[in-house]
$ cat model34.txt   # compact mmCIF, N, CA and C atoms
# COMPACT_ATOMS: atom_id res chain seq x y z
N MET B 365 -4.84 15.13 14.65
CA MET B 365 -5.69 14.57 13.61
C MET B 365 -6.02 13.13 13.96
N GLU B 366 -7.25 12.77 13.81
CA GLU B 366 -7.68 11.40 14.03
C GLU B 366 -8.41 10.94 12.80
N THR B 367 -8.11 9.73 12.37
CA THR B 367 -8.76 9.16 11.21
C THR B 367 -9.21 7.76 11.54
N SER B 368 -10.42 7.41 11.16
CA SER B 368 -10.89 6.06 11.37
C SER B 368 -10.42 5.18 10.22
N TRP B 369 -9.85 4.05 10.57
CA TRP B 369 -9.43 3.06 9.57
C TRP B 369 -10.33 1.84 9.68
N GLY B 370 -11.61 2.08 9.69
CA GLY B 370 -12.56 1.00 9.90
C GLY B 370 -12.99 0.99 11.35
N ARG B 371 -13.88 0.09 11.68
CA ARG B 371 -14.41 0.03 13.04
C ARG B 371 -13.35 -0.36 14.05
N GLU B 372 -12.32 -1.05 13.62
CA GLU B 372 -11.37 -1.63 14.56
C GLU B 372 -10.15 -0.77 14.85
N MET B 373 -9.87 0.25 14.04
CA MET B 373 -8.62 0.99 14.19
C MET B 373 -8.82 2.49 14.04
N ARG B 374 -7.98 3.23 14.77
CA ARG B 374 -7.95 4.69 14.64
C ARG B 374 -6.51 5.14 14.50
N LEU B 375 -6.29 6.05 13.58
CA LEU B 375 -4.97 6.63 13.33
C LEU B 375 -4.93 8.01 13.96
N TYR B 376 -3.84 8.30 14.68
CA TYR B 376 -3.66 9.60 15.31
C TYR B 376 -2.27 10.13 14.97
N GLU B 377 -2.15 11.43 14.81
CA GLU B 377 -0.85 12.07 14.87
C GLU B 377 -0.59 12.30 16.35
N THR B 378 0.66 12.20 16.76
CA THR B 378 1.00 12.35 18.17
C THR B 378 2.32 13.07 18.33
N ASP B 379 2.53 13.64 19.50
CA ASP B 379 3.82 14.24 19.86
C ASP B 379 4.51 13.44 20.95
N ASP B 380 3.87 12.38 21.40
CA ASP B 380 4.39 11.57 22.51
C ASP B 380 5.15 10.36 21.96
N PHE B 381 6.48 10.45 21.97
CA PHE B 381 7.30 9.38 21.42
C PHE B 381 7.35 8.15 22.33
N TYR B 382 7.28 8.33 23.62
CA TYR B 382 7.52 7.22 24.54
C TYR B 382 6.70 5.95 24.23
N PRO B 383 5.37 6.02 24.12
CA PRO B 383 4.64 4.77 23.83
C PRO B 383 5.01 4.17 22.48
N LEU B 384 5.30 5.02 21.52
CA LEU B 384 5.73 4.52 20.21
C LEU B 384 7.07 3.82 20.36
N GLY B 385 7.97 4.44 21.11
CA GLY B 385 9.29 3.84 21.34
C GLY B 385 9.20 2.49 22.00
N VAL B 386 8.28 2.34 22.94
CA VAL B 386 8.08 1.04 23.59
C VAL B 386 7.65 0.01 22.56
N LEU B 387 6.71 0.38 21.69
CA LEU B 387 6.27 -0.53 20.63
C LEU B 387 7.42 -0.85 19.68
N PHE B 388 8.16 0.17 19.25
CA PHE B 388 9.27 -0.06 18.32
C PHE B 388 10.27 -1.04 18.93
N LYS B 389 10.60 -0.84 20.18
CA LYS B 389 11.55 -1.72 20.86
C LYS B 389 10.99 -3.15 20.95
N ALA B 390 9.73 -3.29 21.30
CA ALA B 390 9.09 -4.60 21.41
C ALA B 390 9.07 -5.32 20.06
N CYS B 391 9.05 -4.55 18.97
CA CYS B 391 9.04 -5.13 17.62
C CYS B 391 10.45 -5.34 17.06
N GLY B 392 11.47 -5.13 17.88
CA GLY B 392 12.84 -5.43 17.47
C GLY B 392 13.64 -4.27 16.93
N LEU B 393 13.10 -3.06 16.98
CA LEU B 393 13.88 -1.91 16.53
C LEU B 393 14.77 -1.44 17.68
N GLU B 394 15.92 -0.95 17.36
CA GLU B 394 16.86 -0.51 18.38
C GLU B 394 16.61 0.96 18.71
N VAL B 395 15.77 1.16 19.71
CA VAL B 395 15.43 2.51 20.16
C VAL B 395 15.45 2.55 21.69
N LYS B 396 15.60 3.74 22.21
CA LYS B 396 15.43 3.99 23.63
C LYS B 396 14.14 4.79 23.74
N PRO B 397 13.08 4.18 24.26
CA PRO B 397 11.77 4.85 24.28
C PRO B 397 11.79 6.24 24.92
N GLU B 398 12.67 6.45 25.87
CA GLU B 398 12.71 7.73 26.56
C GLU B 398 13.47 8.80 25.78
N GLU B 399 14.05 8.46 24.64
CA GLU B 399 14.83 9.42 23.85
C GLU B 399 14.24 9.58 22.44
N LYS B 400 13.48 10.64 22.25
CA LYS B 400 12.94 10.93 20.92
C LYS B 400 14.10 11.32 20.01
N PRO B 401 14.27 10.62 18.89
CA PRO B 401 15.39 10.94 18.00
C PRO B 401 15.29 12.36 17.43
N GLU B 402 16.42 12.94 17.21
CA GLU B 402 16.52 14.27 16.63
C GLU B 402 15.90 14.27 15.22
N GLY B 403 15.27 15.37 14.88
CA GLY B 403 14.77 15.55 13.52
C GLY B 403 13.44 14.91 13.20
N ILE B 404 12.78 14.31 14.18
CA ILE B 404 11.47 13.71 13.91
C ILE B 404 10.49 14.84 13.59
N VAL B 405 9.85 14.75 12.42
CA VAL B 405 8.93 15.81 12.00
C VAL B 405 7.47 15.41 12.13
N LYS B 406 7.21 14.12 12.18
CA LYS B 406 5.82 13.67 12.36
C LYS B 406 5.84 12.24 12.89
N MET B 407 4.85 11.98 13.77
CA MET B 407 4.69 10.65 14.35
C MET B 407 3.21 10.27 14.28
N TRP B 408 2.98 9.00 13.98
CA TRP B 408 1.62 8.48 13.92
C TRP B 408 1.51 7.25 14.80
N ARG B 409 0.33 7.06 15.35
CA ARG B 409 0.03 5.83 16.08
C ARG B 409 -1.30 5.30 15.60
N VAL B 410 -1.43 3.99 15.65
CA VAL B 410 -2.69 3.33 15.31
C VAL B 410 -3.12 2.56 16.55
N ASP B 411 -4.33 2.82 17.00
CA ASP B 411 -4.90 2.14 18.16
C ASP B 411 -6.01 1.21 17.70
N ASP B 412 -6.16 0.10 18.41
CA ASP B 412 -7.27 -0.79 18.12
C ASP B 412 -8.54 -0.25 18.77
N GLU B 413 -9.62 -0.99 18.66
CA GLU B 413 -10.92 -0.52 19.17
C GLU B 413 -10.93 -0.34 20.69
N ASP B 414 -9.96 -0.97 21.38
CA ASP B 414 -9.87 -0.82 22.83
C ASP B 414 -8.88 0.28 23.24
N GLY B 415 -8.34 1.00 22.27
CA GLY B 415 -7.39 2.06 22.56
C GLY B 415 -5.97 1.58 22.76
N GLU B 416 -5.69 0.33 22.44
CA GLU B 416 -4.34 -0.22 22.57
C GLU B 416 -3.52 0.12 21.32
N LEU B 417 -2.29 0.51 21.53
CA LEU B 417 -1.37 0.84 20.43
C LEU B 417 -0.99 -0.44 19.69
N ILE B 418 -1.26 -0.47 18.38
CA ILE B 418 -0.96 -1.66 17.59
C ILE B 418 0.03 -1.39 16.46
N ALA B 419 0.29 -0.12 16.16
CA ALA B 419 1.22 0.21 15.08
C ALA B 419 1.63 1.67 15.23
N ALA B 420 2.81 1.97 14.68
CA ALA B 420 3.28 3.35 14.76
C ALA B 420 4.34 3.59 13.69
N ALA B 421 4.57 4.87 13.41
CA ALA B 421 5.57 5.25 12.41
C ALA B 421 6.06 6.65 12.69
N THR B 422 7.28 6.94 12.24
CA THR B 422 7.82 8.29 12.34
C THR B 422 8.52 8.67 11.05
N ALA B 423 8.48 9.97 10.76
CA ALA B 423 9.21 10.55 9.63
C ALA B 423 10.23 11.51 10.20
N GLN B 424 11.41 11.54 9.58
CA GLN B 424 12.51 12.34 10.09
C GLN B 424 13.16 13.12 8.96
N VAL B 425 13.56 14.35 9.26
CA VAL B 425 14.41 15.11 8.36
C VAL B 425 15.64 15.48 9.19
N LEU B 426 16.77 14.95 8.79
CA LEU B 426 18.00 15.09 9.55
C LEU B 426 19.08 15.65 8.64
N ASN B 427 19.47 16.89 8.89
CA ASN B 427 20.49 17.55 8.06
C ASN B 427 20.15 17.49 6.57
N GLY B 428 18.89 17.71 6.24
CA GLY B 428 18.45 17.72 4.86
C GLY B 428 18.25 16.34 4.25
N ILE B 429 18.37 15.29 5.05
CA ILE B 429 18.17 13.91 4.59
C ILE B 429 16.79 13.47 5.07
N TYR B 430 15.99 12.93 4.17
CA TYR B 430 14.62 12.54 4.45
C TYR B 430 14.59 11.05 4.78
N VAL B 431 14.06 10.72 5.97
CA VAL B 431 14.20 9.36 6.49
C VAL B 431 12.85 8.80 6.96
N ALA B 432 12.55 7.60 6.51
CA ALA B 432 11.47 6.80 7.10
C ALA B 432 12.11 6.16 8.32
N LYS B 433 11.98 6.81 9.47
CA LYS B 433 12.78 6.45 10.64
C LYS B 433 12.31 5.17 11.32
N HIS B 434 11.04 5.09 11.65
CA HIS B 434 10.50 3.93 12.34
C HIS B 434 9.19 3.50 11.70
N LEU B 435 8.96 2.21 11.68
CA LEU B 435 7.68 1.65 11.25
C LEU B 435 7.55 0.29 11.93
N ALA B 436 6.49 0.11 12.69
CA ALA B 436 6.27 -1.17 13.38
C ALA B 436 4.79 -1.44 13.52
N VAL B 437 4.46 -2.71 13.40
CA VAL B 437 3.09 -3.20 13.58
C VAL B 437 3.20 -4.43 14.48
N THR B 438 2.35 -4.51 15.50
CA THR B 438 2.39 -5.68 16.36
C THR B 438 2.18 -6.95 15.53
N GLU B 439 2.77 -8.01 15.98
CA GLU B 439 2.69 -9.27 15.24
C GLU B 439 1.25 -9.70 15.00
N ALA B 440 0.39 -9.52 15.98
CA ALA B 440 -1.01 -9.92 15.86
C ALA B 440 -1.76 -9.14 14.79
N CYS B 441 -1.26 -7.96 14.42
CA CYS B 441 -1.98 -7.11 13.46
C CYS B 441 -1.32 -7.05 12.09
N ARG B 442 -0.30 -7.83 11.88
CA ARG B 442 0.35 -7.83 10.57
C ARG B 442 -0.55 -8.50 9.55
N GLY B 443 -0.38 -8.11 8.28
CA GLY B 443 -1.19 -8.67 7.21
C GLY B 443 -2.50 -7.93 6.99
N LYS B 444 -2.70 -6.81 7.69
CA LYS B 444 -3.93 -6.03 7.55
C LYS B 444 -3.68 -4.72 6.80
N TYR B 445 -2.53 -4.61 6.16
CA TYR B 445 -2.14 -3.44 5.36
C TYR B 445 -1.90 -2.18 6.19
N ILE B 446 -1.76 -2.33 7.50
CA ILE B 446 -1.50 -1.18 8.35
C ILE B 446 -0.12 -0.60 8.04
N GLY B 447 0.88 -1.47 7.92
CA GLY B 447 2.23 -1.01 7.62
C GLY B 447 2.30 -0.29 6.29
N LYS B 448 1.61 -0.80 5.30
CA LYS B 448 1.59 -0.16 3.98
C LYS B 448 0.99 1.24 4.08
N LYS B 449 -0.11 1.38 4.82
CA LYS B 449 -0.74 2.68 4.98
C LYS B 449 0.18 3.65 5.71
N LEU B 450 0.85 3.16 6.75
CA LEU B 450 1.78 4.02 7.48
C LEU B 450 2.97 4.42 6.63
N LEU B 451 3.50 3.48 5.85
CA LEU B 451 4.61 3.80 4.96
C LEU B 451 4.18 4.86 3.94
N ASN B 452 2.98 4.74 3.43
CA ASN B 452 2.46 5.77 2.51
C ASN B 452 2.39 7.13 3.19
N LEU B 453 1.96 7.17 4.46
CA LEU B 453 1.91 8.44 5.19
C LEU B 453 3.30 9.04 5.35
N ILE B 454 4.28 8.21 5.70
CA ILE B 454 5.65 8.69 5.83
C ILE B 454 6.12 9.28 4.50
N GLU B 455 5.94 8.53 3.43
CA GLU B 455 6.40 8.99 2.11
C GLU B 455 5.71 10.28 1.71
N GLU B 456 4.40 10.37 1.90
CA GLU B 456 3.66 11.60 1.55
C GLU B 456 4.18 12.78 2.36
N GLU B 457 4.43 12.56 3.64
CA GLU B 457 4.93 13.63 4.50
C GLU B 457 6.29 14.12 4.01
N LEU B 458 7.19 13.20 3.72
CA LEU B 458 8.54 13.59 3.30
C LEU B 458 8.53 14.24 1.92
N ILE B 459 7.74 13.73 1.01
CA ILE B 459 7.62 14.34 -0.32
C ILE B 459 7.06 15.75 -0.18
N GLY B 460 6.07 15.91 0.70
CA GLY B 460 5.49 17.23 0.94
C GLY B 460 6.50 18.22 1.52
N ARG B 461 7.54 17.71 2.13
CA ARG B 461 8.59 18.55 2.69
C ARG B 461 9.75 18.75 1.71
N GLY B 462 9.61 18.20 0.49
CA GLY B 462 10.61 18.44 -0.53
C GLY B 462 11.53 17.29 -0.87
N ALA B 463 11.27 16.10 -0.34
CA ALA B 463 12.16 14.97 -0.60
C ALA B 463 12.20 14.60 -2.08
N LYS B 464 13.40 14.40 -2.58
CA LYS B 464 13.61 13.83 -3.92
C LYS B 464 14.04 12.38 -3.78
N GLU B 465 14.58 12.05 -2.60
CA GLU B 465 14.88 10.67 -2.24
C GLU B 465 14.71 10.53 -0.74
N MET B 466 14.39 9.30 -0.34
CA MET B 466 14.17 9.00 1.07
C MET B 466 15.02 7.80 1.44
N TRP B 467 15.37 7.70 2.72
CA TRP B 467 16.26 6.65 3.20
C TRP B 467 15.64 5.92 4.39
N LEU B 468 16.07 4.68 4.58
CA LEU B 468 15.72 3.93 5.78
C LEU B 468 16.74 2.83 6.00
N ALA B 469 16.81 2.37 7.23
CA ALA B 469 17.58 1.18 7.59
C ALA B 469 16.55 0.13 7.95
N GLY B 470 16.38 -0.85 7.07
CA GLY B 470 15.29 -1.81 7.23
C GLY B 470 15.76 -3.20 7.62
N LYS B 471 15.10 -3.75 8.64
CA LYS B 471 15.42 -5.11 9.06
C LYS B 471 14.70 -6.15 8.20
N VAL B 472 13.69 -5.73 7.45
CA VAL B 472 12.95 -6.63 6.58
C VAL B 472 12.92 -6.01 5.18
N PRO B 473 14.04 -6.03 4.46
CA PRO B 473 14.11 -5.33 3.18
C PRO B 473 13.10 -5.80 2.15
N GLU B 474 12.74 -7.07 2.20
CA GLU B 474 11.78 -7.60 1.23
C GLU B 474 10.45 -6.85 1.31
N TYR B 475 10.10 -6.42 2.51
CA TYR B 475 8.85 -5.67 2.69
C TYR B 475 8.91 -4.36 1.93
N TYR B 476 9.99 -3.62 2.08
CA TYR B 476 10.10 -2.29 1.46
C TYR B 476 10.30 -2.38 -0.05
N ILE B 477 10.95 -3.41 -0.52
CA ILE B 477 11.16 -3.57 -1.96
C ILE B 477 9.83 -3.61 -2.69
N LYS B 478 8.82 -4.22 -2.08
CA LYS B 478 7.48 -4.29 -2.69
C LYS B 478 6.91 -2.90 -2.98
N PHE B 479 7.41 -1.89 -2.26
CA PHE B 479 6.86 -0.55 -2.39
C PHE B 479 7.83 0.42 -3.06
N GLY B 480 8.77 -0.13 -3.82
CA GLY B 480 9.64 0.71 -4.64
C GLY B 480 10.94 1.12 -4.01
N TRP B 481 11.26 0.61 -2.83
CA TRP B 481 12.53 0.91 -2.18
C TRP B 481 13.60 -0.02 -2.74
N GLU B 482 14.84 0.44 -2.77
CA GLU B 482 15.94 -0.39 -3.26
C GLU B 482 17.05 -0.45 -2.21
N THR B 483 17.74 -1.58 -2.18
CA THR B 483 18.88 -1.74 -1.29
C THR B 483 20.07 -1.02 -1.89
N VAL B 484 20.82 -0.33 -1.03
CA VAL B 484 21.96 0.47 -1.47
C VAL B 484 23.16 0.09 -0.59
N PRO B 485 24.36 -0.03 -1.17
CA PRO B 485 25.53 -0.28 -0.32
C PRO B 485 25.69 0.84 0.72
N ALA B 486 26.04 0.47 1.92
CA ALA B 486 26.15 1.44 3.02
C ALA B 486 27.08 2.59 2.69
N GLU B 487 28.14 2.32 1.96
CA GLU B 487 29.09 3.38 1.64
C GLU B 487 28.52 4.43 0.69
N GLU B 488 27.40 4.14 0.05
CA GLU B 488 26.75 5.10 -0.85
C GLU B 488 25.68 5.94 -0.13
N ALA B 489 25.41 5.62 1.11
CA ALA B 489 24.34 6.31 1.85
C ALA B 489 24.86 7.54 2.58
N PRO B 490 24.04 8.56 2.68
CA PRO B 490 24.41 9.72 3.51
C PRO B 490 24.34 9.32 4.98
N PRO B 491 24.89 10.11 5.87
CA PRO B 491 24.89 9.77 7.30
C PRO B 491 23.53 10.03 7.96
N PHE B 492 22.62 9.09 7.79
CA PHE B 492 21.27 9.29 8.31
C PHE B 492 20.94 8.36 9.47
N SER B 493 21.76 7.35 9.71
CA SER B 493 21.42 6.34 10.71
C SER B 493 22.62 5.98 11.56
N LYS B 494 22.37 5.76 12.85
CA LYS B 494 23.43 5.28 13.72
C LYS B 494 23.90 3.89 13.30
N CYS B 495 23.07 3.18 12.56
CA CYS B 495 23.47 1.85 12.07
C CYS B 495 24.77 1.93 11.28
N LEU B 496 24.94 3.01 10.55
CA LEU B 496 26.09 3.13 9.66
C LEU B 496 27.41 3.23 10.43
N VAL B 497 27.37 3.62 11.69
CA VAL B 497 28.59 3.75 12.48
C VAL B 497 28.61 2.81 13.69
N CYS B 498 27.63 1.95 13.80
CA CYS B 498 27.54 1.03 14.92
C CYS B 498 28.49 -0.14 14.73
N LYS B 499 29.13 -0.58 15.82
CA LYS B 499 30.06 -1.71 15.77
C LYS B 499 29.36 -3.01 15.37
N GLN B 500 28.06 -3.10 15.62
CA GLN B 500 27.33 -4.32 15.29
C GLN B 500 26.85 -4.37 13.84
N PHE B 501 26.94 -3.25 13.12
CA PHE B 501 26.48 -3.21 11.73
C PHE B 501 27.25 -4.24 10.91
N ASN B 502 26.52 -5.17 10.32
CA ASN B 502 27.07 -6.29 9.56
C ASN B 502 27.98 -7.17 10.40
N ASN B 503 27.79 -7.14 11.70
CA ASN B 503 28.53 -7.98 12.63
C ASN B 503 27.56 -8.39 13.75
N GLY B 504 26.55 -9.15 13.36
CA GLY B 504 25.51 -9.55 14.29
C GLY B 504 24.19 -8.82 14.07
N CYS B 505 24.23 -7.70 13.41
CA CYS B 505 23.03 -6.93 13.08
C CYS B 505 23.11 -6.57 11.60
N TYR B 506 22.10 -6.91 10.86
CA TYR B 506 22.18 -6.79 9.40
C TYR B 506 21.02 -6.02 8.78
N PRO B 507 20.80 -4.77 9.17
CA PRO B 507 19.75 -4.01 8.48
C PRO B 507 20.22 -3.67 7.07
N SER B 508 19.27 -3.54 6.19
CA SER B 508 19.58 -3.12 4.84
C SER B 508 19.43 -1.60 4.74
N ILE B 509 20.38 -0.97 4.10
CA ILE B 509 20.29 0.46 3.84
C ILE B 509 19.51 0.60 2.55
N MET B 510 18.44 1.37 2.62
CA MET B 510 17.51 1.43 1.49
C MET B 510 17.21 2.87 1.12
N ARG B 511 16.88 3.05 -0.16
CA ARG B 511 16.57 4.37 -0.71
C ARG B 511 15.36 4.24 -1.63
N LYS B 512 14.58 5.31 -1.65
CA LYS B 512 13.51 5.42 -2.63
C LYS B 512 13.61 6.81 -3.25
N ARG B 513 13.72 6.83 -4.56
CA ARG B 513 13.74 8.10 -5.29
C ARG B 513 12.33 8.43 -5.73
N VAL B 514 12.02 9.73 -5.69
CA VAL B 514 10.68 10.16 -6.08
C VAL B 514 10.75 11.21 -7.16

$ encode --input "model34.txt" --output "structure tokens"
Amino acid sequence: METSWGREMRLYETDDFYPLGVLFKACGLEVKPEEKPEGIVKMWRVDDEDGELIAAATAQVLNGIYVAKHLAVTEACRGKYIGKKLLNLIEEELIGRGAKEMWLAGKVPEYYIKFGWETVPAEEAPPFSKCLVCKQFNNGCYPSIMRKRV
């Protein structure tokens, strides 16, 4: 599926994780581009008018847990509502698959709070993220565990 988001951007569904993983890593997410995470059910990329990848997102269902797994927008393209549109796509996809609540590990919790997500103590979260068992969690790395009920 391809959708035009104005003259400057195009949204695509994709099955190729590697370029998205490179972008996620460049934007500070802890991913290995060559390893598509288990349970990814949909991936989107946004290209600029020159075909360059400027944003991407993934939705995951892992052991019955609905996860907004990745969301990244290049620094140069932030503030254009691309992230908001991608987050809406993730949420719509997960709700369409039966989600009553969704989870994420967010490095910028203030961003997600604007869209109805809430911070949750890690001990209250289901096992949806490697962050929850990582030695660096709350020891040099401080993502917020977040939930959105629908």

$ residues_around --input "model34.txt" --residues "Asp379 in chain B" --least-positions-apart "5" --cutoff "8 Å" --atoms "all atoms listed in the file" --output "number ranges by chain"
B: 406-408

$ closest_atom_pairs --input "model34.txt" --of "range 376-439 of chain B" --to "range 455-473 of chain B" --cutoff "7 Å" --atoms "only C-alpha atoms" --output "Markdown table"
| residue | atom | partner | partner_atom | distance |
| --- | --- | --- | --- | --- |
| B:Tyr430 | CA | B:Met466 | CA | 4.9 |
| B:Val431 | CA | B:Trp467 | CA | 4.7 |
| B:Ala432 | CA | B:Leu468 | CA | 5.3 |
| B:Lys433 | CA | B:Leu468 | CA | 6.2 |

$ atom_distance --input "model34.txt" --atom1 "atom C of Ile509 in chain B" --atom2 "atom N of Glu398 in chain B"
25.0 Å

$ closest_residue --input "model34.txt" --among "B:Val514, B:Ile454, B:Ala486, B:Ala436" --to "Cys391 in chain B" --atoms "all atoms listed in the file"
B:Ala436

$ atom_distance --input "model34.txt" --atom1 "atom N of Ala390 in chain B" --atom2 "CA of Ile446 in chain B"
17.3 Å

$ closest_residue --input "model34.txt" --among "B:Glu372, B:Glu487, B:Glu439, B:Asp380" --to "Lys400 in chain B" --atoms "only C-alpha atoms"
B:Asp380

$ closest_residue --input "model34.txt" --among "B:Lys494, B:Thr483, B:Val425, B:Lys396" --to "Arg513 in chain B" --atoms "only C-alpha atoms"
B:Thr483

$ atom_distance --input "model34.txt" --atom1 "atom N of Gly415 in chain B" --atom2 "atom N of Tyr445 in chain B"
18.0 Å

$ closest_residue --input "model34.txt" --among "B:Ser508, B:Met373, B:Ile477, B:Phe381" --to "Asp414 in chain B" --atoms "all atoms listed in the file"
B:Met373

$ residues_around --input "model34.txt" --residues "Ile404 in chain B" --least-positions-apart "6" --cutoff "7 Å" --atoms "only C-alpha atoms" --output "PyMOL selection string"
chain B and resi 422-425

$ residues_around --input "model34.txt" --residues "Gly480 in chain B" --least-positions-apart "3" --cutoff "6 Å" --atoms "all atoms listed in the file" --output "list of chain:residue names"
B:Tyr476, B:Ile477, B:Arg511, B:Lys512

$ closest_residue --input "model34.txt" --among "B:Ala421, B:Asp411, B:Val395, B:Glu482" --to "Leu453 in chain B" --atoms "only C-alpha atoms"
B:Ala421

$ residues_around --input "model34.txt" --residues "Thr438 in chain B" --least-positions-apart "5" --cutoff "8 Å" --atoms "all atoms listed in the file" --output "PDB file with N, CA and C atoms, in the coordinates of the input"
ATOM      1  N   LEU B 387       6.710   0.380  21.690  1.00  0.00           N
ATOM      2  CA  LEU B 387       6.270  -0.530  20.630  1.00  0.00           C
ATOM      3  C   LEU B 387       7.420  -0.850  19.680  1.00  0.00           C
ATOM      4  N   ALA B 390       9.730  -3.290  21.300  1.00  0.00           N
ATOM      5  CA  ALA B 390       9.090  -4.600  21.410  1.00  0.00           C
ATOM      6  C   ALA B 390       9.070  -5.320  20.060  1.00  0.00           C
ATOM      7  N   CYS B 391       9.050  -4.550  18.970  1.00  0.00           N
ATOM      8  CA  CYS B 391       9.040  -5.130  17.620  1.00  0.00           C
ATOM      9  C   CYS B 391      10.450  -5.340  17.060  1.00  0.00           C
ATOM     10  N   LEU B 417      -2.290   0.510  21.530  1.00  0.00           N
ATOM     11  CA  LEU B 417      -1.370   0.840  20.430  1.00  0.00           C
ATOM     12  C   LEU B 417      -0.990  -0.440  19.690  1.00  0.00           C
ATOM     13  N   ILE B 418      -1.260  -0.470  18.380  1.00  0.00           N
ATOM     14  CA  ILE B 418      -0.960  -1.660  17.590  1.00  0.00           C
ATOM     15  C   ILE B 418       0.030  -1.390  16.460  1.00  0.00           C
ATOM     16  N   ALA B 419       0.290  -0.120  16.160  1.00  0.00           N
ATOM     17  CA  ALA B 419       1.220   0.210  15.080  1.00  0.00           C
ATOM     18  C   ALA B 419       1.630   1.670  15.230  1.00  0.00           C
ATOM     19  N   ALA B 420       2.810   1.970  14.680  1.00  0.00           N
ATOM     20  CA  ALA B 420       3.280   3.350  14.760  1.00  0.00           C
ATOM     21  C   ALA B 420       4.340   3.590  13.690  1.00  0.00           C
ATOM     22  N   GLY B 443      -0.380  -8.110   8.280  1.00  0.00           N
ATOM     23  CA  GLY B 443      -1.190  -8.670   7.210  1.00  0.00           C
ATOM     24  C   GLY B 443      -2.500  -7.930   6.990  1.00  0.00           C
TER      25      GLY B 443
END
